[in-house]
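Peer 1: Sending over model.cif (mmCIF, C-alpha atoms and all ligand atoms; chains and numbers go by the auth columns).
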data_work
#
loop_
_atom_site.group_PDB
_atom_site.id
_atom_site.type_symbol
_atom_site.label_atom_id
_atom_site.label_comp_id
_atom_site.label_asym_id
_atom_site.label_seq_id
_atom_site.Cartn_x
_atom_site.Cartn_y
_atom_site.Cartn_z
_atom_site.B_iso_or_equiv
_atom_site.auth_seq_id
_atom_site.auth_asym_id
ATOM 1 C CA VAL A 1 91.122 145.074 4.837 0.00 268 A
ATOM 2 C CA SER A 2 88.240 146.850 6.527 0.00 269 A
ATOM 3 C CA LEU A 3 84.662 145.949 5.720 0.00 270 A
ATOM 4 C CA PRO A 4 81.923 148.604 5.998 0.00 271 A
ATOM 5 C CA THR A 5 80.980 148.731 9.706 0.00 272 A
ATOM 6 C CA GLU A 6 77.246 149.059 9.041 0.00 273 A
ATOM 7 C CA THR A 7 77.198 145.954 6.820 0.00 274 A
ATOM 8 C CA VAL A 8 79.256 143.965 9.331 0.00 275 A
ATOM 9 C CA LEU A 9 76.992 144.881 12.279 0.00 276 A
ATOM 10 C CA LYS A 10 73.792 144.186 10.319 0.00 277 A
ATOM 11 C CA ARG A 11 75.098 140.719 9.458 0.00 278 A
ATOM 12 C CA GLY A 12 75.912 140.096 13.123 0.00 279 A
ATOM 13 C CA LEU A 13 72.401 141.072 14.179 0.00 280 A
ATOM 14 C CA ARG A 14 70.979 138.676 11.579 0.00 281 A
ATOM 15 C CA ARG A 15 73.041 135.722 12.869 0.00 282 A
ATOM 16 C CA ARG A 16 75.278 135.749 9.787 0.00 283 A
ATOM 17 C CA CYS A 17 78.978 135.695 9.022 0.00 284 A
ATOM 18 C CA PRO A 18 80.183 139.313 9.319 0.00 285 A
ATOM 19 C CA VAL A 19 82.552 138.939 6.357 0.00 286 A
ATOM 20 C CA CYS A 20 80.289 137.400 3.689 0.00 287 A
ATOM 21 C CA GLY A 21 76.750 137.192 5.119 0.00 288 A
ATOM 22 C CA GLN A 22 76.568 133.364 5.154 0.00 289 A
ATOM 23 C CA ASN A 23 73.776 132.233 7.496 0.00 290 A
ATOM 24 C CA LYS A 24 74.329 128.486 8.016 0.00 291 A
ATOM 25 C CA LEU A 25 76.867 128.789 10.824 0.00 292 A
ATOM 26 C CA PHE A 26 75.190 126.758 13.609 0.00 293 A
ATOM 27 C CA ARG A 27 74.331 123.091 14.179 0.00 294 A
ATOM 28 C CA HIS A 28 71.761 122.199 16.870 0.00 295 A
ATOM 29 C CA TRP A 29 71.476 125.920 17.647 0.00 296 A
ATOM 30 C CA VAL A 30 74.570 126.098 19.891 0.00 297 A
ATOM 31 C CA HIS A 31 77.363 124.484 17.830 0.00 298 A
ATOM 32 C CA MET A 32 79.047 127.199 15.818 0.00 299 A
ATOM 33 C CA ALA A 33 81.196 126.257 12.830 0.00 300 A
ATOM 34 C CA GLU A 34 84.908 126.853 13.410 0.00 301 A
ATOM 35 C CA ARG A 35 85.170 128.780 10.162 0.00 302 A
ATOM 36 C CA CYS A 36 82.655 130.201 7.735 0.00 303 A
ATOM 37 C CA PRO A 37 81.781 127.540 5.103 0.00 304 A
ATOM 38 C CA ARG A 38 81.544 130.226 2.420 0.00 305 A
ATOM 39 C CA CYS A 39 84.413 132.695 2.955 0.00 306 A
ATOM 40 C CA GLY A 40 86.694 130.729 5.317 0.00 307 A
ATOM 41 C CA PHE A 41 86.677 133.340 8.097 0.00 308 A
ATOM 42 C CA ILE A 42 87.884 131.751 11.372 0.00 309 A
ATOM 43 C CA PHE A 43 85.449 133.063 13.974 0.00 310 A
ATOM 44 C CA ARG A 44 87.657 132.500 17.041 0.00 311 A
ATOM 45 C CA ARG A 45 90.292 135.062 16.126 0.00 312 A
ATOM 46 C CA ILE A 46 92.345 135.002 19.340 0.00 313 A
ATOM 47 C CA ASP A 47 92.493 133.005 22.589 0.00 314 A
ATOM 48 C CA GLY A 48 89.634 134.114 24.802 0.00 315 A
ATOM 49 C CA HIS A 49 87.794 135.524 21.811 0.00 316 A
ATOM 50 C CA TRP A 50 84.354 134.364 23.015 0.00 317 A
ATOM 51 C CA LEU A 51 84.610 136.249 26.318 0.00 318 A
ATOM 52 C CA GLY A 52 83.008 139.181 24.499 0.00 319 A
ATOM 53 C CA SER A 53 80.049 137.095 23.381 0.00 320 A
ATOM 54 C CA TRP A 54 79.587 135.777 26.926 0.00 321 A
ATOM 55 C CA PHE A 55 79.523 139.348 28.166 0.00 322 A
ATOM 56 C CA ILE A 56 76.859 140.336 25.609 0.00 323 A
ATOM 57 C CA ASN A 57 74.795 137.268 26.489 0.00 324 A
ATOM 58 C CA VAL A 58 74.996 137.975 30.236 0.00 325 A
ATOM 59 C CA CYS A 59 73.932 141.607 29.678 0.00 326 A
ATOM 60 C CA VAL A 60 70.958 140.619 27.507 0.00 327 A
ATOM 61 C CA SER A 61 69.894 137.849 29.902 0.00 328 A
ATOM 62 C CA GLN A 62 70.094 140.105 32.949 0.00 329 A
ATOM 63 C CA ALA A 63 68.114 142.801 31.160 0.00 330 A
ATOM 64 C CA ALA A 64 65.458 140.193 30.242 0.00 331 A
ATOM 65 C CA VAL A 65 65.188 139.024 33.882 0.00 332 A
ATOM 66 C CA VAL A 66 64.819 142.634 35.057 0.00 333 A
ATOM 67 C CA VAL A 67 62.062 143.236 32.477 0.00 334 A
ATOM 68 C CA VAL A 68 60.183 140.019 33.381 0.00 335 A
ATOM 69 C CA VAL A 69 60.416 140.644 37.146 0.00 336 A
ATOM 70 C CA SER A 70 59.377 144.297 36.711 0.00 337 A
ATOM 71 C CA VAL A 71 56.365 143.365 34.575 0.00 338 A
ATOM 72 C CA ILE A 72 55.214 140.681 37.046 0.00 339 A
ATOM 73 C CA MET A 73 55.663 143.084 39.980 0.00 340 A
ATOM 74 C CA THR A 74 53.776 145.862 38.182 0.00 341 A
ATOM 75 C CA VAL A 75 50.895 143.650 37.042 0.00 342 A
ATOM 76 C CA THR A 76 50.368 141.726 40.310 0.00 343 A
ATOM 77 C CA TYR A 77 51.239 144.412 42.892 0.00 344 A
ATOM 78 C CA PRO A 78 50.400 144.362 45.834 0.00 345 A
ATOM 79 C CA ASP A 79 49.615 140.605 45.707 0.00 346 A
ATOM 80 C CA VAL A 80 52.971 139.572 44.296 0.00 347 A
ATOM 81 C CA SER A 81 53.357 135.799 44.263 0.00 348 A
ATOM 82 C CA LEU A 82 56.900 134.844 45.164 0.00 349 A
ATOM 83 C CA PRO A 83 56.736 131.362 43.512 0.00 350 A
ATOM 84 C CA VAL A 84 55.475 132.916 40.250 0.00 351 A
ATOM 85 C CA LEU A 85 58.149 135.605 40.426 0.00 352 A
ATOM 86 C CA ALA A 86 60.909 133.083 41.134 0.00 353 A
ATOM 87 C CA GLY A 87 59.590 130.591 38.552 0.00 354 A
ATOM 88 C CA LEU A 88 59.270 133.010 35.651 0.00 355 A
ATOM 89 C CA GLY A 89 62.390 134.954 36.610 0.00 356 A
ATOM 90 C CA GLY A 90 64.349 131.701 36.840 0.00 357 A
ATOM 91 C CA ALA A 91 62.949 130.380 33.558 0.00 358 A
ATOM 92 C CA THR A 92 63.971 133.633 31.850 0.00 359 A
ATOM 93 C CA ALA A 93 67.450 133.419 33.349 0.00 360 A
ATOM 94 C CA LEU A 94 67.834 129.883 31.964 0.00 361 A
ATOM 95 C CA LEU A 95 66.127 130.207 28.577 0.00 362 A
ATOM 96 C CA VAL A 96 67.285 133.611 27.323 0.00 363 A
ATOM 97 C CA PRO A 97 71.024 132.757 27.358 0.00 364 A
ATOM 98 C CA LEU A 98 70.289 129.592 25.352 0.00 365 A
ATOM 99 C CA VAL A 99 67.978 131.265 22.851 0.00 366 A
ATOM 100 C CA PHE A 100 70.229 134.298 22.447 0.00 367 A
ATOM 101 C CA PHE A 101 73.456 132.278 22.238 0.00 368 A
ATOM 102 C CA PRO A 102 73.887 132.289 18.410 0.00 369 A
ATOM 103 C CA TRP A 103 73.217 136.030 18.220 0.00 370 A
ATOM 104 C CA SER A 104 75.687 136.710 21.035 0.00 371 A
ATOM 105 C CA ARG A 105 78.336 134.948 18.938 0.00 372 A
ATOM 106 C CA THR A 106 77.629 136.633 15.603 0.00 373 A
ATOM 107 C CA ILE A 107 77.086 140.070 17.175 0.00 374 A
ATOM 108 C CA TRP A 108 80.392 139.765 18.999 0.00 375 A
ATOM 109 C CA SER A 109 82.140 138.555 15.835 0.00 376 A
ATOM 110 C CA ALA A 110 80.765 141.585 14.009 0.00 377 A
ATOM 111 C CA LEU A 111 81.795 144.027 16.763 0.00 378 A
ATOM 112 C CA ASP A 112 85.244 142.480 16.916 0.00 379 A
ATOM 113 C CA LEU A 113 85.631 142.703 13.150 0.00 380 A
ATOM 114 C CA ALA A 114 84.478 146.330 13.203 0.00 381 A
ATOM 115 C CA MET A 115 87.128 147.123 15.836 0.00 382 A
ATOM 116 C CA ARG A 116 89.943 144.927 14.485 0.00 383 A
ATOM 117 C CA PRO A 117 89.915 144.860 10.681 0.00 384 A
ATOM 118 C CA LEU A 118 90.533 141.640 8.810 0.00 385 A
ATOM 119 C CA HIS A 119 94.119 140.729 7.916 0.00 386 A
ATOM 120 C CA PHE A 120 95.102 138.850 4.808 0.00 387 A
ATOM 121 C CA HIS A 121 96.592 136.022 6.902 0.00 388 A
ATOM 122 C CA GLU A 122 93.194 135.175 8.484 0.00 389 A
ATOM 123 C CA GLY A 123 92.324 132.630 5.827 0.00 390 A
ATOM 124 C CA VAL A 124 89.451 134.475 4.193 0.00 391 A
ATOM 125 C CA ASP A 125 88.961 133.802 0.477 0.00 392 A
ATOM 126 C CA PRO A 126 90.469 136.899 -1.249 0.00 393 A
ATOM 127 C CA TYR A 127 87.240 137.298 -3.254 0.00 394 A
ATOM 128 C CA TRP A 128 85.412 138.539 -0.124 0.00 395 A
ATOM 129 C CA GLU A 129 88.213 140.849 0.899 0.00 396 A
ATOM 130 C CA LEU A 130 88.295 142.357 -2.577 0.00 397 A
ATOM 131 C CA GLN A 131 84.493 142.677 -2.569 0.00 398 A
ATOM 132 C CA ALA A 132 84.783 144.738 0.634 0.00 399 A
ATOM 133 C CA ASP A 133 87.490 146.923 -0.899 0.00 400 A
ATOM 134 C CA LEU A 134 85.433 147.392 -4.060 0.00 401 A
ATOM 135 C CA HIS A 135 82.406 148.428 -2.006 0.00 402 A
ATOM 136 C CA ARG A 136 84.537 150.868 0.000 0.00 403 A
ATOM 137 C CA LEU A 137 86.129 152.351 -3.123 0.00 404 A
ATOM 138 C CA ARG A 138 82.728 152.859 -4.753 0.00 405 A
ATOM 139 C CA GLU A 139 81.457 154.497 -1.558 0.00 406 A
ATOM 140 C CA GLU A 140 84.515 156.764 -1.363 0.00 407 A
ATOM 141 C CA GLU A 141 84.109 157.615 -5.027 0.00 408 A
ATOM 142 C CA ARG A 142 80.431 158.515 -4.491 0.00 409 A
ATOM 143 C CA ILE A 143 81.137 160.616 -1.357 0.00 410 A
ATOM 144 C CA GLY A 144 84.284 162.081 -2.929 0.00 411 A
ATOM 145 C CA THR A 145 82.507 163.405 -6.009 0.00 412 A
ATOM 146 C CA THR A 146 79.692 165.020 -3.988 0.00 413 A
ATOM 147 C CA GLU A 147 82.184 166.545 -1.518 0.00 414 A
ATOM 148 C CA LEU A 148 84.367 167.781 -4.341 0.00 415 A
ATOM 149 C CA SER A 149 81.507 169.519 -6.087 0.00 416 A
ATOM 150 C CA ALA A 150 80.064 170.938 -2.849 0.00 417 A
ATOM 151 C CA ASP A 151 83.143 171.934 -0.852 0.00 418 A
ATOM 152 C CA ARG A 152 85.727 172.696 -3.469 0.00 419 A
ATOM 153 C CA PRO A 153 84.213 174.665 -6.304 0.00 420 A
ATOM 154 C CA GLU A 154 87.681 175.953 -7.222 0.00 421 A
ATOM 155 C CA ALA A 155 88.863 172.403 -8.037 0.00 422 A
ATOM 156 C CA SER A 156 89.077 172.074 -11.764 0.00 423 A
ATOM 157 C CA PRO A 157 88.299 168.720 -13.387 0.00 424 A
ATOM 158 C CA PRO A 158 91.305 166.831 -14.779 0.00 425 A
ATOM 159 C CA ASP A 159 91.891 167.189 -18.509 0.00 426 A
HETATM 160 ZN ZN ZN B . 81.740 134.137 5.730 0.00 501 B
#
Can the structure in the file be given as structure tokens, please?
Peer 2:
Amino acid sequence: VSLPTETVLKRGLRRRCPVCGQNKLFRHWVHMAERCPRCGFIFRRIDGHWLGSWFINVCVSQAAVVVVVSVIMTVTYPDVSLPVLAGLGGATALLVPLVFFPWSRTIWSALDLAMRPLHFHEGVDPYWELQADLHRLREEERIGTTELSADRPEASPPD
């Protein structure tokens, strides 16, 4: 079963379950539910699954530190205060990974799901899998009819 990639990624960016869009997945900000309370999707799909989310979080945090340090350097140059630079840079390096943590998880879950489609044995309520198929079929039907009329004028409609 493959869900529409755009929908899956949008849900990830909005801190939601990539399969069904459920948003209550975290307790105390950093405790992620083992499986989605609505569709049953088990977020940790393989051993080492969260390595991807760590990678995303490290990238975002490093980018944030670079931005903060660059802004401070630009604004205060040539009288750059090392304690201010170290303090704000350090605070960014500690806070951003914590704040971004839930997004790193849902974004990674969405990317993973976009790359490795859902299998029927993954415990997801069949309703959600069928919803995804229905959406895909409707989309194919819509694209198919426009392509048929535009690209294949010789195709005759079925009797
Ligand atoms: Zn879900």
Peer 1: Measuring atom to atom with only C-alpha atoms, identify which of A:Leu349, A:Val333, A:Ala377, A:Ile410 is nearest to Arg311 of chain A.
Peer 2: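 Looking only at the distances to Arg311 of chain A, the closest residue turns out to be A:Ala377.
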Peer 1: Translate the PyMOL selection byres (((not hetatm)) within 7 of (chain B and resi 501)), as applied to the file shown, into an explicit residue set as a PDB file with C-alpha atoms, keeping the file's coordinate frame.
Peer 2:
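What ended up in result.pdb:
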ATOM      1  CA  CYS A 284      78.978 135.695   9.022  1.00  0.00           C
ATOM      2  CA  PRO A 285      80.183 139.313   9.319  1.00  0.00           C
ATOM      3  CA  VAL A 286      82.552 138.939   6.357  1.00  0.00           C
ATOM      4  CA  CYS A 287      80.289 137.400   3.689  1.00  0.00           C
ATOM      5  CA  GLY A 288      76.750 137.192   5.119  1.00  0.00           C
ATOM      6  CA  GLN A 289      76.568 133.364   5.154  1.00  0.00           C
ATOM      7  CA  CYS A 303      82.655 130.201   7.735  1.00  0.00           C
ATOM      8  CA  PRO A 304      81.781 127.540   5.103  1.00  0.00           C
ATOM      9  CA  ARG A 305      81.544 130.226   2.420  1.00  0.00           C
ATOM     10  CA  CYS A 306      84.413 132.695   2.955  1.00  0.00           C
ATOM     11  CA  GLY A 307      86.694 130.729   5.317  1.00  0.00           C
ATOM     12  CA  PHE A 308      86.677 133.340   8.097  1.00  0.00           C
TER      13      PHE A 308
END
Peer 1: Under the rule that all atoms listed in the file are counted, which of A:Leu362, A:Gly279, A:Glu406, A:Val336 is the nearest residue to Pro350 of chain A?
Peer 2: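 Closest candidate: A:Val336.
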Peer 1: Select, from A:Val297, A:Val342, A:Ala399, A:Val332, the residue with the minimum atom-to-atom distance to Phe368 of chain A, counting all atoms listed in the file.
Peer 2: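 Result for the nearest residue to Phe368 of chain A: A:Val297.
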Peer 1: Provide the atom CA of Leu404 of chain A to atom CA of Lys291 of chain A distance in Å, to one decimal place.
Peer 2: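 Value for the atom CA of Leu404 of chain A-atom CA of Lys291 of chain A distance: 28.9 Å.
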Peer 1: With distances taken over only C-alpha atoms, which of A:Pro369, A:Trp395, A:Pro384, A:Asp379 is nearest to Arg294 of chain A?
Peer 2: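 Answer, going by the shortest atom-to-atom distance: A:Pro369.
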Peer 1: What does the distance from atom CA of Thr272 of chain A to atom CA of Arg405 of chain A come to in Å, to one decimal?
Peer 2: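 Computing it gives 15.1 Å between the two atoms.
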Peer 1: Excluding Arg383 of chain A and any residue of its chain fewer than 3 positions from it, enumerate the residues within 12 Å of it, using only C-alpha atoms, and give them as a compact mmCIF listing (two decimals) with C-alpha atoms, keeping the file's coordinate frame.
Peer 2:
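File produced: selection30.txt:
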# COMPACT_ATOMS: atom_id res chain seq x y z
CA VAL A 268 91.12 145.07 4.84
CA SER A 269 88.24 146.85 6.53
CA LEU A 270 84.66 145.95 5.72
CA THR A 272 80.98 148.73 9.71
CA VAL A 275 79.26 143.96 9.33
CA ARG A 312 90.29 135.06 16.13
CA ILE A 313 92.34 135.00 19.34
CA TRP A 375 80.39 139.76 19.00
CA SER A 376 82.14 138.56 15.84
CA ALA A 377 80.76 141.58 14.01
CA LEU A 378 81.80 144.03 16.76
CA ASP A 379 85.24 142.48 16.92
CA LEU A 380 85.63 142.70 13.15
CA HIS A 386 94.12 140.73 7.92
CA GLU A 389 93.19 135.18 8.48
Peer 1: Identify which of the residues A:Arg302, A:His295, A:Arg403, A:Arg372 lies closest to Arg278 of chain A, counting all atoms listed in the file when measuring atom-to-atom distances.
Peer 2: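 Of all the options, A:Arg372 lies closest to Arg278 of chain A.
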Peer 1: Between A:Tyr394, A:Phe387, A:Trp296, A:Phe367, which one has atoms that come closest to Ser320 of chain A, using only C-alpha atoms?
Peer 2: A:Phe367
